[in-house]
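Worksheet for the structure shown next.
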Amino acid sequence: MMKVVLLVSSFLCVAPLSEAGGHRLTCPQTIDAAEGDDVIIRCGLDPPVDLSAYTLDVARERDDHGYYDNDVHSYRNGKDQPDDQMDGYRGRTTLNHEDLIRGNVTLKISSVTLSDSGKYIVFLKNLAAPFVINITVVSKDQANRTKRNDSSTSGPPVEEETESDHRGEICKKTNNFTMRYLRPPTTEEDGDPHSAAEHGVRGLVVRDDTQSSPQP
């Protein structure tokens with residue numbers, strides 16, 4: 001069994017340019033997931049090269065000092081190396097070998113648990129190109145509560161009322177804003193206009209009703 005120990009600065013986010021052709025590895029800095037979901041780590045190499053013959057390690061941080069020696073997935077000599085994996089990740093990781101040919105790293109971690117939260121490093125040894133990713137896993141209940149809160153604060157604008165006045169204007173109030181359509185006067189003073197377009201709109205004035213300034 002080959003054990004790879006990496007020491008990485010805690011503020012490392014983007015991989016430095018390697019000495020082999022100036023390649024840079026770019027990955028998401030954070031990934032959020034709900035318990036039981038699959039997490040997919042996607043990274044790209046710029047400029048892309050065929051990575052199928054390269055050495056790739058994805059590891060977890062052992063402590064808060066930047067030591068990454070807990071192997072999540074290892075790939076070398078053109079093959080996955082399951083014997084190097086932590087017991088908790090065996091049978092749960094899948095590396096897309098076809099993406100390696102295109103210069104991309106795509107690793108799926110199946111059925112994540114709360115204990116999978118933490119910092120991970122993606123490291124291409126041949127290019128000295130590391131990238132640190134922070135994965136956060138929350139419970140299903142917390143994820144559902146977040147979705148409900150997001151849905152309750154979003155939605156289409158609510159139209160409160162539409163009216164016309166003696167100055168030949170149509171007012172439409174939407175949430176905290178009043179939209180005033182300006183139109184030329186018509187021969188029907190008491191008509192009930194159904195749309196500003198029917199009466200030749202000359203302009204549009206929008207007022208923020210949350211402001212305390214008086215109406216001009």
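Labels used: A, B, ... for chains in the order of the structure tokens, numbers from 1 for residues in each chain, and numbers from 1 for ligands as shown.
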Selection near A:Tyr54, 7 Å with only C-alpha atoms, sequence-local residues under 2 positions removed, as JSON, numbers by chain: {"A": [51, 52, 56, 76, 126]}
Would you export the selected residues with C-alpha atoms as a compact mmCIF listing (two decimals), in the first residue's frame, please?
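File written: result_5.txt
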# COMPACT_ATOMS: atom_id res chain seq x y z
CA LEU A 51 -4.28 12.72 -17.70
CA SER A 52 -4.82 8.99 -18.17
CA LEU A 56 -3.99 11.48 -9.19
CA ARG A 76 -1.84 5.68 -10.84
CA ASN A 126 3.16 14.93 -12.21
Residues near A:Ile109, cut-off 6 Å, only C-alpha atoms, skip fewer than 3 positions along chain, as a list of chain:residue names: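 Surrounding residues, per the criterion: A:Asp38, A:Val39, A:Arg92, A:Thr93.
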Output N, CA and C atoms for every residue in that selection, as a PDB file, in the first residue's frame.
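Heads up, here's the output in part_38.pdb:
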ATOM      1  N   ASP A  38     -25.338  12.254  -3.754  1.00  0.00           N
ATOM      2  CA  ASP A  38     -24.034  11.988  -4.357  1.00  0.00           C
ATOM      3  C   ASP A  38     -23.328  13.318  -4.604  1.00  0.00           C
ATOM      4  N   VAL A  39     -22.069  13.393  -4.237  1.00  0.00           N
ATOM      5  CA  VAL A  39     -21.257  14.582  -4.484  1.00  0.00           C
ATOM      6  C   VAL A  39     -20.334  14.294  -5.655  1.00  0.00           C
ATOM      7  N   ARG A  92     -17.465   3.558  -2.624  1.00  0.00           N
ATOM      8  CA  ARG A  92     -18.296   4.761  -2.701  1.00  0.00           C
ATOM      9  C   ARG A  92     -17.773   5.797  -3.678  1.00  0.00           C
ATOM     10  N   THR A  93     -16.599   5.595  -4.257  1.00  0.00           N
ATOM     11  CA  THR A  93     -16.028   6.581  -5.168  1.00  0.00           C
ATOM     12  C   THR A  93     -15.920   6.004  -6.570  1.00  0.00           C
TER      13      THR A  93
END
Pairwise distance for atom CA of A:Thr26 and atom CA of A:Leu45, rounded to one decimal in Å: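 Straight-line distance from atom CA of A:Thr26 to atom CA of A:Leu45 works out to 6.4 Å.
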12 Å contact set for A:Lys108, only C-alpha atoms, chain neighbours under 6 positions out, as a ChimeraX atom specification: /A:37-43,58,72-73,89,91-97
Between atom CA of A:Tyr68 and atom CA of A:Pro130 - distance in Å to one decimal: 11.2 Å
Computed interatomic separation between atom CA of A:Gly118 and atom CA of A:Lys140 (Å):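 Computing it gives 17.9 Å between the two atoms.
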A:Pro28 environment, 10 Å, only C-alpha atoms, sequence neighbours closer than 4 positions dropped, as a list in words: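 Counting only the stated atoms, we get Cys13, Val14, Ile41, Arg42, Cys43, Gly44, Phe131, Val132, Ile133, Asn134 and Ile135 of chain A.
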Just-selected residues, C-alpha atoms written as a PDB file, in the first residue's frame:
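The result, stored in out_26.pdb:
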ATOM      1  CA  CYS A  13      -7.457  27.884  -3.118  1.00  0.00           C
ATOM      2  CA  VAL A  14      -6.169  27.905  -6.676  1.00  0.00           C
ATOM      3  CA  ILE A  41     -16.036  16.799  -7.691  1.00  0.00           C
ATOM      4  CA  ARG A  42     -15.325  18.322 -11.114  1.00  0.00           C
ATOM      5  CA  CYS A  43     -11.957  19.884 -11.897  1.00  0.00           C
ATOM      6  CA  GLY A  44     -10.412  21.058 -15.128  1.00  0.00           C
ATOM      7  CA  PHE A 131      -6.545  22.248  -5.202  1.00  0.00           C
ATOM      8  CA  VAL A 132      -8.367  22.303  -1.845  1.00  0.00           C
ATOM      9  CA  ILE A 133     -12.169  21.878  -1.731  1.00  0.00           C
ATOM     10  CA  ASN A 134     -14.427  22.311   1.275  1.00  0.00           C
ATOM     11  CA  ILE A 135     -17.392  19.892   1.277  1.00  0.00           C
TER      12      ILE A 135
END
Residue nearest A:Arg90 among A:Leu127, A:Ser74, A:Gly36, A:Arg102 (counting only C-alpha atoms):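 Nearest to A:Arg90: A:Ser74.
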Would you mind listing what lies within 10 Å of A:Thr113 as a JSON list (two decimals) with N, CA, C and O atoms, in the first residue's frame, with only C-alpha atoms counted and same-chain residues fewer than 3 positions away left out?
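Listing of selection13.json after writing:
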[["chain", "number", "residue", "atom", "x", "y", "z"],
["A", 33, "ALA", "N", -24.04, 19.75, 0.06],
["A", 33, "ALA", "CA", -24.85, 18.58, -0.27],
["A", 33, "ALA", "C", -25.70, 18.19, 0.92],
["A", 33, "ALA", "O", -25.41, 18.57, 2.07],
["A", 34, "ALA", "N", -26.77, 17.45, 0.64],
["A", 34, "ALA", "CA", -27.63, 16.92, 1.69],
["A", 34, "ALA", "C", -27.26, 15.48, 1.96],
["A", 34, "ALA", "O", -26.76, 14.76, 1.08],
["A", 35, "GLU", "N", -27.48, 15.05, 3.16],
["A", 35, "GLU", "CA", -27.18, 13.68, 3.57],
["A", 35, "GLU", "C", -27.87, 12.69, 2.65],
["A", 35, "GLU", "O", -29.06, 12.80, 2.37],
["A", 36, "GLY", "N", -27.10, 11.72, 2.14],
["A", 36, "GLY", "CA", -27.64, 10.72, 1.23],
["A", 36, "GLY", "C", -27.46, 11.05, -0.24],
["A", 36, "GLY", "O", -27.64, 10.18, -1.10],
["A", 37, "ASP", "N", -27.11, 12.30, -0.56],
["A", 37, "ASP", "CA", -26.88, 12.69, -1.95],
["A", 37, "ASP", "C", -25.53, 12.20, -2.44],
["A", 37, "ASP", "O", -24.66, 11.80, -1.66],
["A", 38, "ASP", "N", -25.34, 12.25, -3.75],
["A", 38, "ASP", "CA", -24.03, 11.99, -4.36],
["A", 38, "ASP", "C", -23.33, 13.32, -4.60],
["A", 38, "ASP", "O", -23.94, 14.27, -5.11],
["A", 110, "SER", "N", -20.47, 8.64, -3.49],
["A", 110, "SER", "CA", -21.88, 8.25, -3.39],
["A", 110, "SER", "C", -22.37, 8.29, -1.94],
["A", 110, "SER", "O", -21.62, 8.01, -1.00],
["A", 116, "ASP", "N", -18.76, 13.08, 6.19],
["A", 116, "ASP", "CA", -17.98, 13.38, 4.99],
["A", 116, "ASP", "C", -17.66, 14.86, 4.86],
["A", 116, "ASP", "O", -16.92, 15.25, 3.96],
["A", 117, "SER", "N", -18.22, 15.70, 5.72],
["A", 117, "SER", "CA", -17.90, 17.13, 5.67],
["A", 117, "SER", "C", -16.44, 17.35, 6.02],
["A", 117, "SER", "O", -15.89, 16.70, 6.91],
["A", 136, "THR", "N", -19.42, 20.45, 2.47],
["A", 136, "THR", "CA", -20.31, 20.57, 3.62],
["A", 136, "THR", "C", -21.55, 19.73, 3.38],
["A", 136, "THR", "O", -22.26, 19.92, 2.39],
["A", 137, "VAL", "N", -21.81, 18.79, 4.29],
["A", 137, "VAL", "CA", -22.98, 17.91, 4.19],
["A", 137, "VAL", "C", -23.91, 18.24, 5.35],
["A", 137, "VAL", "O", -23.49, 18.28, 6.51],
["A", 138, "VAL", "N", -25.19, 18.51, 5.04],
["A", 138, "VAL", "CA", -26.18, 18.81, 6.07],
["A", 138, "VAL", "C", -27.23, 17.71, 6.08],
["A", 138, "VAL", "O", -27.35, 16.93, 5.13],
["A", 139, "SER", "N", -28.02, 17.65, 7.15],
["A", 139, "SER", "CA", -29.05, 16.64, 7.26],
["A", 139, "SER", "C", -30.17, 16.91, 6.26],
["A", 139, "SER", "O", -30.33, 18.03, 5.76]]
Selection near A:Pro47, 10 Å with only C-alpha atoms, sequence-local residues under 5 positions removed, as an mmCIF file with C-alpha atoms, in the first residue's frame:
data_model
loop_
_atom_site.group_PDB
_atom_site.id
_atom_site.type_symbol
_atom_site.label_atom_id
_atom_site.label_comp_id
_atom_site.auth_asym_id
_atom_site.auth_seq_id
_atom_site.Cartn_x
_atom_site.Cartn_y
_atom_site.Cartn_z
ATOM 1 C CA GLY A 21 4.027 23.728 -19.194
ATOM 2 C CA GLY A 22 2.244 26.157 -16.870
ATOM 3 C CA HIS A 23 -0.872 24.045 -16.261
ATOM 4 C CA ARG A 24 -3.412 25.100 -13.674
ATOM 5 C CA LEU A 25 -6.054 22.958 -11.999
ATOM 6 C CA GLY A 103 -7.900 16.806 -19.085
#
Nearest-residue call for A:Phe123, choices A:Gln142, A:Thr30, A:Arg62, A:Val105, using only C-alpha atoms: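 Closest residue, counting only C-alpha atoms: A:Val105.
You can rank A:Gln81, A:Thr146, A:Val112, A:Asp57 by their closest distance to A:Ile31 using only C-alpha atoms, and at the top of that list sits A:Val112.
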Using only C-alpha atoms: which of A:Asn70, A:Thr55, A:Thr106, A:Asn149 has the shortest distance to A:Gly88: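 Answer, going by the shortest atom-to-atom distance: A:Asn70.
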